[in-house]
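Participant: Structure incoming, see below.
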Amino acid sequence: MAGRPERGAWAQASQPMLALLLRDIRLSIRAGGGALTGVIFFLAVIATIPFGVGPDLNLLARIGPAILWIAALLACLLGLDRLFQADREDGSLDLLVRGHDRHMLALTVLVKCLAHWAGSVLPLVVAAPLLGLFMNMEAAGIGATALTLLVGTPAITFIGAAGAAVAVALPRGGLLISVLVLPLTIPVLIFGVSASYGAVADPAPFLQPFLILAALTLFLAVLGPLAAALALRHGTD
Amino acid sequence: MMRLIAENLGGERGGETVFAGIGFALEKGEALVVTGPNGAGKSTLLRVIAGLLRAAEGRVQVEGGGEAFPTVAAAVHYLGHLNAMKTALSVAENLRFWRDFCGEPALGVDEALETVGLGGIGHLPFGYLSTGQRRRASIAKLLVSHRPIWLLDEPTAGLDKASEERFAGLMRGHLEEGGIIVAATHLPLGLEGAKALRMGEVG
């Protein structure tokens, strides 16, 4: 009984966020949403690597996790510039930022990040095992890489949100965002790849880098949206 | 007793002062129509009141908003010159989103569309609508969730005569219910007894 009012407050607080999540996911699926752009880019990069590297199957298997991670990282950055810009162009961003009195802006940003991740990045994670086959990776390596991508790619989106918020007013901010964000994503890449290698190469550990990767994601889930919210609050004009 | 008060308000854009020393106090049921030439700072004034831009000086506050509307930001609907609707989503989906996001639900989505004369087209993608229809759908956004203060930036741009009159009726209804309206416009809005603020004149 005592919990009921709290649940009411929770429902009241979560309904706008749920609505925002569903709207953004719906938008990414609809025509022009760009959910497929990242996957196709990912596919193009992985499919061309064997042609460039040559038919050395052992070499392909060895560099497989790193290539998958790098391609996924770049594919993640591809759609980031639209994260806030699309909302800015049609005026929605004003209303989203104005809502900060009812719901914390950082929370709004976090939800937008989650929707962006689910709409544009999750397809990459789903496609990764298939593309792992292109790289002649063994089952354990494929599983580990997909798992590290699942855990690590949200961190890229969270960092990217801060970059996207800073560059929201720039008409061609995509490149700037990539340049801003790429150095910050290097730790995620390092721990993601080393955990993937840890699963297949014997002396290297899997769990430690994997846990650090998870910690990075959790840390950036707080820091990224806070930084992005700050940038958006001061960037409106 | 709800009041919207602006004291000695100044706004700037890109470091340049656009206006200064604007002050007004609106009781519930009162409207303020802001007029002036292009570049006089009408939109900037509205954005400052809405809290989207920081005031260079002075302040805006709400008195007597109660628990639901303690601050200006919480008490305000802002209708900018952009419609804030997604072209890929249907009109009803757009409105349902803003209703859920803004909270304080008032009219239902179908009912609001009926009120602005767009009944029966809620299923169409917003991108299919004409300019005037888009504006009307955007106006329906004011109706789906309740806010006592409406800030309207050129609300009737692109509307035809009949829609303008219907919108004037909506505004009068809002005022009669104890709302407050601040509108920046070039066109007469059909609000009798509204206070007037003319910007961009020396003195």
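Letters A, B, ... go to the chains of the structure tokens in the order shown; residues in each chain start at 1; ligands are counted from 1 in the same order.
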As a PyMOL selection string, which residues of chain A does DSSP assign to alpha helix (DSSP H)?

Facilitator: chain A and resi 4-29+35-53+57-78+82-89+92-98+105-116+122-134+139-166+174-200+207-235

Participant: Compile the residues of chain A that lie within 9 Å of chain B, evaluated using only C-alpha atoms, and express the compilation as a ChimeraX atom specification.

Facilitator: /A:12,15-20,22-23,26-27,30-33,87-102,233-234,236-237

Participant: Could you work out how far atom CA of Ala25 of chain B lies from atom CA of Leu46 of chain B, giving the answer in Å with one decimal?

Facilitator: 14.6 Å

Participant: Fewer than 4 positions away in the same chain doesn't count, so skip those; otherwise give me all residues within 12 Å of segment 80-82 of chain A, counting only C-alpha atoms, as a ChimeraX atom specification.

Facilitator: /A:24,27-28,32-35,37-38,73-76,86-89,93,112-113,115-117,119-121,156-182

Participant: Would you pick out the contacts of segment 150-154 of chain B at 10 Å or less, using only C-alpha atoms, so that residues sharing its chain but fewer than 2 positions from it are not included, and give the list as a PyMOL selection string?

Facilitator: chain B and resi 31-34+42-47+49-50+75-82+139+142+146-148+156-158+171+174-175+179-187+189

Participant: Please, could you write that set of residues out with C-alpha atoms as a PDB file, in the first residue's frame?

Facilitator:
ATOM      1  CA  ALA B  31      -3.324  39.022 -23.576  1.00  0.00           C
ATOM      2  CA  LEU B  32      -0.334  40.965 -24.805  1.00  0.00           C
ATOM      3  CA  VAL B  33       0.165  41.492 -28.523  1.00  0.00           C
ATOM      4  CA  VAL B  34       3.743  42.308 -29.449  1.00  0.00           C
ATOM      5  CA  LYS B  42       9.794  40.049 -31.064  1.00  0.00           C
ATOM      6  CA  SER B  43      10.928  36.453 -31.405  1.00  0.00           C
ATOM      7  CA  THR B  44      13.887  37.062 -29.134  1.00  0.00           C
ATOM      8  CA  LEU B  45      11.554  38.473 -26.505  1.00  0.00           C
ATOM      9  CA  LEU B  46       9.359  35.383 -26.677  1.00  0.00           C
ATOM     10  CA  ARG B  47      12.377  33.097 -26.478  1.00  0.00           C
ATOM     11  CA  ILE B  49      10.236  34.660 -21.747  1.00  0.00           C
ATOM     12  CA  ALA B  50      10.131  30.959 -22.636  1.00  0.00           C
ATOM     13  CA  ALA B  75       3.665  27.197 -17.028  1.00  0.00           C
ATOM     14  CA  VAL B  76       4.354  28.020 -20.653  1.00  0.00           C
ATOM     15  CA  HIS B  77       3.408  26.630 -24.045  1.00  0.00           C
ATOM     16  CA  TYR B  78       5.805  27.916 -26.678  1.00  0.00           C
ATOM     17  CA  LEU B  79       4.619  27.922 -30.281  1.00  0.00           C
ATOM     18  CA  GLY B  80       7.638  28.980 -32.295  1.00  0.00           C
ATOM     19  CA  HIS B  81       7.760  29.745 -35.988  1.00  0.00           C
ATOM     20  CA  LEU B  82       8.837  26.128 -36.506  1.00  0.00           C
ATOM     21  CA  ILE B 139      -1.767  24.784 -32.855  1.00  0.00           C
ATOM     22  CA  LEU B 142      -1.393  23.769 -27.498  1.00  0.00           C
ATOM     23  CA  HIS B 146      -2.716  22.210 -20.494  1.00  0.00           C
ATOM     24  CA  ARG B 147      -0.535  25.248 -19.823  1.00  0.00           C
ATOM     25  CA  PRO B 148      -1.896  28.521 -18.472  1.00  0.00           C
ATOM     26  CA  THR B 156      -1.346  32.710 -37.788  1.00  0.00           C
ATOM     27  CA  ALA B 157       1.400  32.631 -40.431  1.00  0.00           C
ATOM     28  CA  GLY B 158       0.089  30.590 -43.359  1.00  0.00           C
ATOM     29  CA  MET B 171      -7.445  32.186 -27.944  1.00  0.00           C
ATOM     30  CA  HIS B 174      -8.175  30.205 -23.415  1.00  0.00           C
ATOM     31  CA  LEU B 175      -8.365  33.725 -21.971  1.00  0.00           C
ATOM     32  CA  GLY B 179      -5.154  31.815 -19.358  1.00  0.00           C
ATOM     33  CA  ILE B 180      -2.534  34.333 -20.413  1.00  0.00           C
ATOM     34  CA  ILE B 181      -1.364  34.916 -23.980  1.00  0.00           C
ATOM     35  CA  VAL B 182       1.707  36.697 -25.280  1.00  0.00           C
ATOM     36  CA  ALA B 183       1.714  36.802 -29.069  1.00  0.00           C
ATOM     37  CA  ALA B 184       4.201  38.324 -31.494  1.00  0.00           C
ATOM     38  CA  THR B 185       2.577  39.081 -34.812  1.00  0.00           C
ATOM     39  CA  HIS B 186       2.271  41.236 -37.897  1.00  0.00           C
ATOM     40  CA  LEU B 187      -1.302  40.265 -38.558  1.00  0.00           C
ATOM     41  CA  LEU B 189      -5.235  38.442 -34.225  1.00  0.00           C
TER      42      LEU B 189
END

Participant: Excluding Gly108 of chain B and residues on its chain fewer than 3 positions from it, collect all residues at most 12 Å away from it, counting only C-alpha atoms, and give them as a short mmCIF file (atom, residue, chain, number, x, y, z; two decimals) with N, CA and C atoms, in the first residue's frame.

Facilitator:
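Written output follows (out_3.cif):
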data_model
loop_
_atom_site.label_atom_id
_atom_site.label_comp_id
_atom_site.auth_asym_id
_atom_site.auth_seq_id
_atom_site.Cartn_x
_atom_site.Cartn_y
_atom_site.Cartn_z
N ALA B 92 -1.40 12.31 -35.74
CA ALA B 92 -1.85 11.83 -34.43
C ALA B 92 -0.68 11.33 -33.60
N LEU B 95 1.09 14.36 -32.17
CA LEU B 95 0.34 15.00 -31.07
C LEU B 95 0.36 14.12 -29.82
N ARG B 96 0.22 12.81 -30.04
CA ARG B 96 0.23 11.91 -28.89
C ARG B 96 1.56 12.01 -28.17
N TRP B 98 3.64 14.66 -28.03
CA TRP B 98 3.77 15.91 -27.26
C TRP B 98 2.85 15.90 -26.06
N ARG B 99 1.72 15.24 -26.20
CA ARG B 99 0.79 15.14 -25.07
C ARG B 99 1.43 14.34 -23.94
N ASP B 100 2.08 13.22 -24.28
CA ASP B 100 2.73 12.40 -23.26
C ASP B 100 3.96 13.11 -22.70
N GLU B 104 0.21 16.90 -18.15
CA GLU B 104 -1.01 17.69 -17.93
C GLU B 104 -1.98 17.54 -19.10
N PRO B 105 -2.34 16.31 -19.48
CA PRO B 105 -3.19 16.14 -20.67
C PRO B 105 -4.51 16.90 -20.55
N GLU B 111 -10.00 14.99 -30.58
CA GLU B 111 -10.80 16.15 -30.23
C GLU B 111 -10.05 17.45 -30.59
N ALA B 112 -8.75 17.47 -30.29
CA ALA B 112 -7.95 18.66 -30.59
C ALA B 112 -7.88 18.89 -32.10
N LEU B 113 -7.72 17.82 -32.86
CA LEU B 113 -7.67 17.96 -34.32
C LEU B 113 -9.00 18.45 -34.84
N GLU B 114 -10.09 17.95 -34.26
CA GLU B 114 -11.43 18.40 -34.63
C GLU B 114 -11.55 19.91 -34.38
N THR B 115 -11.01 20.35 -33.25
CA THR B 115 -11.12 21.75 -32.86
C THR B 115 -10.39 22.67 -33.84
N GLY B 119 -10.15 17.37 -38.38
CA GLY B 119 -10.72 16.07 -38.03
C GLY B 119 -10.60 15.08 -39.17
N GLY B 122 -5.88 12.61 -38.95
CA GLY B 122 -4.85 12.28 -37.97
C GLY B 122 -3.93 11.15 -38.41
N ALA B 140 -2.85 22.62 -32.58
CA ALA B 140 -3.52 21.57 -31.81
C ALA B 140 -2.63 21.09 -30.66
N LYS B 141 -1.32 21.26 -30.84
CA LYS B 141 -0.36 20.89 -29.79
C LYS B 141 -0.61 21.70 -28.51
N LEU B 142 -1.09 22.94 -28.68
CA LEU B 142 -1.39 23.77 -27.50
C LEU B 142 -2.56 23.20 -26.71
N LEU B 143 -3.41 22.44 -27.43
CA LEU B 143 -4.67 22.01 -26.81
C LEU B 143 -4.54 20.66 -26.11
N VAL B 144 -3.58 19.82 -26.56
CA VAL B 144 -3.54 18.47 -26.00
C VAL B 144 -2.97 18.42 -24.59
N SER B 145 -2.13 19.40 -24.24
CA SER B 145 -1.74 19.43 -22.83
C SER B 145 -1.92 20.85 -22.30
N HIS B 146 -2.31 20.92 -21.04
CA HIS B 146 -2.72 22.21 -20.49
C HIS B 146 -1.53 23.02 -19.98
#

Participant: When you look at segment 103-111 of chain A with a cut-off of 6 Å (counting only C-alpha atoms), what residues show up, excluding the ones that are within fewer than 4 positions of it in the same chain? I need them as a ChimeraX atom specification.

Facilitator: /A:21,225-226,229

Participant: Write the selection just made, keeping N, CA and C atoms, as a PDB file, in the first residue's frame?

Facilitator:
ATOM      1  N   LEU A  21      11.207   7.724 -26.166  1.00  0.00           N
ATOM      2  CA  LEU A  21      11.943   6.543 -26.635  1.00  0.00           C
ATOM      3  C   LEU A  21      11.243   5.931 -27.842  1.00  0.00           C
ATOM      4  N   PRO A 225      25.446  12.194 -21.159  1.00  0.00           N
ATOM      5  CA  PRO A 225      24.208  12.975 -21.168  1.00  0.00           C
ATOM      6  C   PRO A 225      24.299  14.268 -20.372  1.00  0.00           C
ATOM      7  N   LEU A 226      25.045  14.250 -19.240  1.00  0.00           N
ATOM      8  CA  LEU A 226      25.184  15.493 -18.469  1.00  0.00           C
ATOM      9  C   LEU A 226      25.904  16.549 -19.302  1.00  0.00           C
ATOM     10  N   ALA A 229      23.629  17.718 -22.112  1.00  0.00           N
ATOM     11  CA  ALA A 229      22.559  18.590 -21.614  1.00  0.00           C
ATOM     12  C   ALA A 229      23.085  19.993 -21.380  1.00  0.00           C
TER      13      ALA A 229
END

Participant: Quick one, how far is atom CA of Leu60 of chain A from atom CA of Ile46 of chain A?

Facilitator: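 Atom-to-atom, atom CA of Leu60 of chain A to atom CA of Ile46 of chain A, that is 10.8 Å.
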
Participant: List the spatial neighbours of Ala146 of chain A as a list in words - criterion: any atom at most 7 Å away, only C-alpha atoms, same-chain residues fewer than 4 positions off excluded.

Facilitator: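 Near Ala146 of chain A, the qualifying residues are Val125, Ala128, Pro129, Ile142 and Leu150 of chain A.
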
Participant: With N, CA and C atoms retained, write the just-selected residues as a compact mmCIF listing (two decimals), in the first residue's frame.

Facilitator:
# COMPACT_ATOMS: atom_id res chain seq x y z
N VAL A 125 25.25 -4.64 -33.96
CA VAL A 125 25.60 -5.74 -33.06
C VAL A 125 24.98 -7.04 -33.57
N ALA A 128 26.95 -8.25 -36.54
CA ALA A 128 28.37 -8.57 -36.30
C ALA A 128 28.69 -10.06 -36.40
N PRO A 129 27.89 -10.99 -35.83
CA PRO A 129 28.24 -12.40 -35.94
C PRO A 129 28.32 -12.87 -37.39
N ILE A 142 33.63 -14.92 -32.31
CA ILE A 142 32.45 -14.20 -32.81
C ILE A 142 31.53 -13.83 -31.66
N LEU A 150 27.97 -5.36 -27.84
CA LEU A 150 26.71 -5.09 -27.17
C LEU A 150 26.92 -4.23 -25.93

Participant: My list of candidates is B:Phe126, B:Phe167, B:Phe24, B:Phe19. Which is closest to Leu197 of chain B when distances are computed with only C-alpha atoms?

Facilitator: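 The shortest atom-to-atom distance to Leu197 of chain B comes from B:Phe24.
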
Participant: Quick one: distance from atom CA of Gln85 of chain A to atom CA of Ala118 of chain A in Å, one decimal?

Facilitator: 18.3 Å

Participant: Which parts of segment 1-71 of chain B does DSSP call strand (DSSP E or B) when run on the backbone here, written out as a ChimeraX atom specification?

Facilitator: /B:3-13,16-27,31-35,57-63

Participant: Just write the chosen residues, N, CA and C atoms, as a compact mmCIF listing (two decimals), in the first residue's frame.

Facilitator:
# COMPACT_ATOMS: atom_id res chain seq x y z
N ARG B 3 -0.24 35.49 -12.27
CA ARG B 3 0.28 36.67 -12.97
C ARG B 3 1.60 36.35 -13.66
N LEU B 4 1.79 36.92 -14.83
CA LEU B 4 3.08 36.81 -15.53
C LEU B 4 3.71 38.20 -15.52
N ILE B 5 4.89 38.28 -14.93
CA ILE B 5 5.50 39.59 -14.75
C ILE B 5 6.88 39.62 -15.39
N ALA B 6 7.12 40.64 -16.19
CA ALA B 6 8.45 40.85 -16.74
C ALA B 6 8.94 42.21 -16.27
N GLU B 7 10.15 42.24 -15.75
CA GLU B 7 10.69 43.49 -15.24
C GLU B 7 11.96 43.86 -15.99
N ASN B 8 11.94 45.05 -16.59
CA ASN B 8 13.15 45.63 -17.15
C ASN B 8 13.94 44.64 -18.01
N LEU B 9 13.20 43.93 -18.87
CA LEU B 9 13.79 42.81 -19.60
C LEU B 9 14.66 43.30 -20.75
N GLY B 10 15.84 42.72 -20.86
CA GLY B 10 16.71 43.04 -21.99
C GLY B 10 17.16 41.75 -22.66
N GLY B 11 17.26 41.77 -23.97
CA GLY B 11 17.69 40.56 -24.68
C GLY B 11 18.78 40.89 -25.67
N GLU B 12 19.65 39.92 -25.89
CA GLU B 12 20.69 40.15 -26.89
C GLU B 12 20.85 38.92 -27.75
N ARG B 13 21.34 39.17 -28.93
CA ARG B 13 21.63 38.09 -29.90
C ARG B 13 23.02 38.29 -30.41
N GLU B 16 24.87 41.41 -29.27
CA GLU B 16 24.34 42.73 -29.59
C GLU B 16 22.96 42.89 -28.94
N THR B 17 22.76 44.00 -28.28
CA THR B 17 21.48 44.21 -27.61
C THR B 17 20.38 44.41 -28.64
N VAL B 18 19.31 43.61 -28.52
CA VAL B 18 18.19 43.73 -29.45
C VAL B 18 17.11 44.63 -28.85
N PHE B 19 16.87 44.43 -27.56
CA PHE B 19 15.91 45.30 -26.89
C PHE B 19 16.32 45.40 -25.42
N ALA B 20 15.79 46.41 -24.76
CA ALA B 20 16.10 46.59 -23.34
C ALA B 20 14.94 47.30 -22.67
N GLY B 21 14.83 47.12 -21.40
CA GLY B 21 13.86 47.86 -20.60
C GLY B 21 12.42 47.52 -20.89
N ILE B 22 12.14 46.27 -21.29
CA ILE B 22 10.76 45.87 -21.53
C ILE B 22 10.16 45.37 -20.22
N GLY B 23 9.00 45.87 -19.91
CA GLY B 23 8.34 45.41 -18.69
C GLY B 23 6.85 45.31 -18.90
N PHE B 24 6.23 44.29 -18.33
CA PHE B 24 4.77 44.20 -18.38
C PHE B 24 4.31 43.28 -17.28
N ALA B 25 3.04 43.37 -16.95
CA ALA B 25 2.45 42.46 -15.98
C ALA B 25 1.09 42.05 -16.52
N LEU B 26 0.88 40.76 -16.64
CA LEU B 26 -0.38 40.26 -17.18
C LEU B 26 -1.12 39.46 -16.12
N GLU B 27 -2.36 39.87 -15.87
CA GLU B 27 -3.22 39.10 -14.98
C GLU B 27 -3.81 37.94 -15.76
N ALA B 31 -4.21 39.36 -22.47
CA ALA B 31 -3.32 39.02 -23.58
C ALA B 31 -2.44 40.22 -23.89
N LEU B 32 -1.25 39.92 -24.37
CA LEU B 32 -0.33 40.96 -24.81
C LEU B 32 0.04 40.69 -26.25
N VAL B 33 -0.20 41.66 -27.11
CA VAL B 33 0.16 41.49 -28.52
C VAL B 33 1.41 42.33 -28.79
N VAL B 34 2.47 41.65 -29.20
CA VAL B 34 3.74 42.31 -29.45
C VAL B 34 3.87 42.55 -30.95
N THR B 35 4.02 43.80 -31.33
CA THR B 35 4.19 44.12 -32.74
C THR B 35 5.48 44.89 -32.95
N GLU B 57 19.30 41.18 -19.12
CA GLU B 57 19.05 41.87 -17.85
C GLU B 57 17.59 41.69 -17.51
N GLY B 58 17.25 42.01 -16.26
CA GLY B 58 15.87 41.87 -15.84
C GLY B 58 15.47 40.43 -15.66
N ARG B 59 14.16 40.23 -15.36
CA ARG B 59 13.72 38.84 -15.18
C ARG B 59 12.24 38.69 -15.47
N VAL B 60 11.86 37.43 -15.67
CA VAL B 60 10.47 37.08 -15.89
C VAL B 60 10.06 36.14 -14.79
N GLN B 61 8.89 36.32 -14.25
CA GLN B 61 8.45 35.36 -13.25
C GLN B 61 6.94 35.18 -13.27
N VAL B 62 6.55 34.04 -12.70
CA VAL B 62 5.13 33.74 -12.58
C VAL B 62 4.77 33.81 -11.11
N GLU B 63 3.65 34.46 -10.82
CA GLU B 63 3.17 34.50 -9.45
C GLU B 63 1.89 33.71 -9.36

Participant: Can you work out which one of B:Ala106, B:Met2, B:Gly39, B:Ser90 has the shortest atom-to-atom distance to Gly127 of chain B, counting only C-alpha atoms?

Facilitator: B:Ser90

Participant: Using only C-alpha atoms, can you tell me which of B:Leu107, B:Ala56, B:Glu67, B:Tyr128 comes closest to Val91 of chain B?

Facilitator: B:Tyr128
